[in-house]
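Q: Contents of input_21.cif (mmCIF, C-alpha atoms) are given next:
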data_data
loop_
_atom_site.label_atom_id
_atom_site.label_comp_id
_atom_site.auth_asym_id
_atom_site.auth_seq_id
_atom_site.Cartn_x
_atom_site.Cartn_y
_atom_site.Cartn_z
CA MET A 9 6.59 9.33 -11.46
CA GLN A 10 9.66 7.83 -9.86
CA ALA A 11 10.53 5.00 -7.50
CA ILE A 12 10.87 6.15 -3.91
CA ARG A 13 13.39 4.92 -1.31
CA THR A 14 12.74 5.27 2.42
CA LYS A 15 15.53 4.59 4.89
CA TYR A 16 15.74 4.78 8.68
CA VAL A 17 18.31 7.26 10.01
CA GLY A 18 19.19 6.82 13.68
CA ALA A 19 19.29 9.62 16.22
CA SER A 20 22.34 11.84 16.51
CA SER A 21 23.35 14.34 19.19
CA ALA A 22 21.54 17.06 17.21
CA LYS A 23 18.51 15.27 15.74
CA GLY A 24 16.10 12.49 16.66
CA SER A 25 15.44 9.33 14.66
CA ARG A 26 13.98 10.01 11.25
CA ILE A 27 13.11 8.51 7.89
CA GLN A 28 14.94 9.73 4.79
CA VAL A 29 12.60 9.73 1.77
CA LYS A 30 14.40 9.99 -1.55
CA CYS A 31 13.60 9.93 -5.23
CA GLU A 32 15.41 11.42 -8.20
CA ALA A 33 13.48 14.69 -7.88
CA ARG A 34 13.75 15.34 -4.15
CA THR A 35 14.88 14.19 -0.70
CA ILE A 36 13.02 14.94 2.53
CA TYR A 37 13.34 13.79 6.13
CA LEU A 38 10.45 13.01 8.47
CA SER A 39 10.60 12.32 12.19
CA TYR A 40 10.22 8.68 13.17
CA ASP A 41 6.81 8.21 14.82
CA SER A 42 7.16 5.83 17.77
CA GLU A 43 3.38 5.29 17.71
CA LEU A 44 3.73 3.50 14.36
CA ASP A 45 5.55 0.27 13.51
CA GLU A 46 8.48 0.19 11.07
CA TYR A 47 6.37 -0.53 7.98
CA GLU A 48 3.81 2.15 8.81
CA ASN A 49 6.59 4.72 9.37
CA HIS A 50 8.11 3.99 5.97
CA LYS A 51 4.75 3.94 4.17
CA SER A 52 3.70 7.20 5.85
CA ALA A 53 6.99 8.82 4.82
CA CYS A 54 6.54 7.62 1.24
CA THR A 55 2.99 9.01 1.18
CA ALA A 56 4.27 12.36 2.47
CA LEU A 57 6.72 12.64 -0.43
CA VAL A 58 4.05 11.62 -2.95
CA ARG A 59 1.77 14.37 -1.64
CA THR A 60 4.61 16.91 -1.49
CA MET A 61 5.40 16.23 -5.14
CA GLY A 62 1.69 16.39 -6.08
CA TRP A 63 1.79 12.93 -7.61
CA ASP A 64 -1.38 11.62 -5.96
CA VAL A 65 -3.59 14.18 -7.71
CA ASP A 66 -3.83 11.90 -10.75
CA GLY A 67 -5.10 8.94 -8.73
CA TYR A 68 -1.73 7.19 -8.51
CA SER A 69 -1.74 6.83 -4.75
CA ASP A 70 -1.52 3.01 -4.74
CA MET A 71 2.00 2.22 -3.59
CA VAL A 72 3.62 -1.16 -3.04
CA GLY A 73 6.99 -1.60 -1.45
CA GLY A 74 9.64 -4.06 -0.48
CA VAL A 75 12.79 -4.11 1.61
CA PHE A 76 16.29 -4.43 0.16
CA ASP A 77 19.64 -3.57 1.74
CA ASN A 78 18.09 -1.94 4.87
CA ALA A 79 15.85 0.39 2.84
CA HIS A 80 12.25 0.25 1.63
CA TYR A 81 11.58 0.82 -2.07
CA TRP A 82 8.16 1.96 -3.29
CA VAL A 83 6.53 2.05 -6.70
CA PHE A 84 3.09 3.01 -7.98
CA ASP A 85 0.95 -0.03 -8.70
CA GLY A 86 -2.68 0.97 -9.31
CA LYS A 87 -3.11 -1.06 -12.51
CA ARG A 88 -2.17 -4.39 -10.89
CA LEU A 89 -4.60 -3.80 -8.04
CA GLN A 90 -7.41 -2.90 -10.43
CA ALA A 91 -6.72 -6.06 -12.45
CA LEU A 92 -6.82 -8.26 -9.35
CA ARG A 93 -10.03 -6.61 -8.15
CA GLY A 94 -11.60 -7.20 -11.58
CA MET A 95 -10.53 -10.84 -11.49
CA VAL A 96 -12.15 -11.40 -8.10
CA ASN A 97 -15.36 -9.71 -9.18
CA SER A 98 -15.53 -11.86 -12.32
CA MET A 99 -14.91 -14.97 -10.20
CA ARG A 100 -17.78 -13.94 -7.95
CA ALA A 101 -20.04 -13.92 -11.02
CA ALA A 102 -18.85 -17.39 -12.11
CA THR A 103 -21.36 -20.22 -12.39
CA TRP A 104 -19.65 -22.64 -10.04
CA THR A 105 -21.71 -25.18 -8.20
CA GLY A 106 -22.15 -24.02 -4.62
CA SER A 107 -20.60 -21.03 -2.94
CA PRO A 108 -17.52 -19.47 -4.61
CA TRP A 109 -16.01 -19.32 -1.12
CA SER A 110 -15.65 -23.10 -1.26
CA HIS A 111 -13.07 -22.69 -4.06
CA THR A 112 -9.51 -22.10 -2.86
CA GLU A 113 -8.56 -20.03 -5.92
CA PHE A 114 -11.40 -17.62 -5.19
CA LYS A 115 -10.40 -17.22 -1.54
CA ALA A 116 -6.74 -16.78 -2.54
CA ALA A 117 -7.59 -14.04 -5.06
CA VAL A 118 -9.74 -12.15 -2.56
CA GLY A 119 -6.97 -12.46 0.05
CA THR A 120 -4.37 -11.16 -2.42
CA ILE A 121 -6.42 -8.07 -3.15
CA GLY A 122 -7.03 -7.45 0.52
CA ARG A 123 -3.33 -7.66 1.33
CA ALA A 124 -2.55 -5.35 -1.58
CA TYR A 125 -4.65 -2.76 0.22
CA ASP A 126 -2.95 -3.43 3.57
CA TYR A 127 -5.86 -5.55 4.76
CA HIS A 128 -4.71 -8.61 6.69
CA GLY A 129 -8.00 -9.93 8.08
CA SER A 130 -10.13 -12.79 6.85
CA GLU A 131 -10.45 -13.06 3.08
CA TYR A 132 -14.22 -13.22 3.65
CA ASP A 133 -14.13 -9.55 4.66
CA ALA A 134 -11.67 -8.27 2.00
CA HIS A 135 -12.70 -5.14 0.11
CA THR A 136 -13.46 -5.80 -3.57
CA THR A 137 -16.11 -3.33 -4.73
CA ASP A 138 -15.08 0.15 -5.88
CA GLU A 139 -16.99 1.67 -2.94
CA GLU A 140 -15.35 -0.64 -0.38
CA VAL A 141 -11.89 0.04 -1.81
CA ALA A 142 -12.44 3.82 -1.87
CA ALA A 143 -13.63 3.80 1.76
CA TRP A 144 -10.69 1.62 2.86
CA MET A 145 -8.12 3.79 1.05
CA ALA A 146 -9.63 6.95 2.56
CA ARG A 147 -9.21 5.45 6.05
CA CYS A 148 -5.60 4.46 5.24
CA ALA A 149 -4.77 7.96 4.02
CA LYS A 150 -5.66 9.56 7.36
#
Please render this file's structure as structure tokens.

A:
Amino acid sequence: MQAIRTKYVGASSAKGSRIQVKCEARTIYLSYDSELDEYENHKSACTALVRTMGWDVDGYSDMVGGVFDNAHYWVFDGKRLQALRGMVNSMRAATWTGSPWSHTEFKAAVGTIGRAYDYHGSEYDAHTTDEEVAAWMARCAK
């Protein structure tokens, strides 16, 4: 597995706007989809390269990215997400007095996991069970 760089390439007289997706093994270009926002275009392009290379067959489809020098950089991060999900589930089983939702550290952990899976709604609705995560990731992959 390799880090992946996605970079916007503006339109020229011969080609429309596109995203360059590059890693050490390969470089591909995908058309910029005006229906998607910037982040979604870059994430979609990264996912396309991952699938082209056959890297997601081993369950390493969790990607996290950040922006540096006008490019997005992506790395595989399944272990961190699993660890956070485990932490939240163990906190849910804790013997606190009252609802765990009344504890800010619990809400923050659930929110972190939700954002890691591109969920930006209320932390009360974040996906933390294996079934919820699998269903969410299947919807994101479409």

Q: Using atom CA of A:Arg59 and atom CA of A:Ala146 as the two end points, give the distance in Å to one decimal.

A: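 Separation of atom CA of A:Arg59 and atom CA of A:Ala146: 14.2 Å.
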
Q: Which residues are near A:Ala33? Cut-off 10 Å, all atoms listed in the file, ignore same chain within fewer than 3 positions. Put them as a VMD selection string.

A: chain A and resid 9 to 10 12 30 61

Q: Might you spell out which residues the PyMOL selection byres ((chain A and resi 52) around 10) would select in the displayed file, as a count of residues only?

A: 21

Q: Have a look at atom CA of A:Gln28 and atom CA of A:Tyr16 and let me know their distance in Å, one decimal.

A: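 Answer for the atom CA of A:Gln28 to atom CA of A:Tyr16 separation: 6.3 Å.
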
Q: Do a neighbour search on A:Phe76 at 12 Å with all atoms listed in the file, toss out local chain neighbours closer than 3 positions, and write the hits as a PyMOL selection string.

A: chain A and resi 13-15+73+79-82

Q: Take the residues just selected and output them with C-alpha atoms as a PDB file, in the coordinates of the input.

A:
ATOM      1  CA  ARG A  13      13.390   4.920  -1.310  1.00  0.00           C
ATOM      2  CA  THR A  14      12.740   5.270   2.420  1.00  0.00           C
ATOM      3  CA  LYS A  15      15.530   4.590   4.890  1.00  0.00           C
ATOM      4  CA  GLY A  73       6.990  -1.600  -1.450  1.00  0.00           C
ATOM      5  CA  ALA A  79      15.850   0.390   2.840  1.00  0.00           C
ATOM      6  CA  HIS A  80      12.250   0.250   1.630  1.00  0.00           C
ATOM      7  CA  TYR A  81      11.580   0.820  -2.070  1.00  0.00           C
ATOM      8  CA  TRP A  82       8.160   1.960  -3.290  1.00  0.00           C
TER       9      TRP A  82
END

Q: Restricting the calculation to all atoms listed in the file: of A:Ser20, A:Ser110, A:Thr60, A:Asn78, which residue gets closest to A:Arg34?

A: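 Among the listed residues, the smallest separation from A:Arg34 belongs to A:Thr60.
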
Q: Which is closest to A:Val17 among A:Ile36, A:Ala143, A:Val83, A:Cys31, if we use all atoms listed in the file?

A: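 Answer, going by the shortest atom-to-atom distance: A:Ile36.
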
Q: Can you measure atom CA of A:Tyr37 to atom CA of A:Gly24 for me? One decimal in Å is fine.

A: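 It comes out at 11.0 Å.
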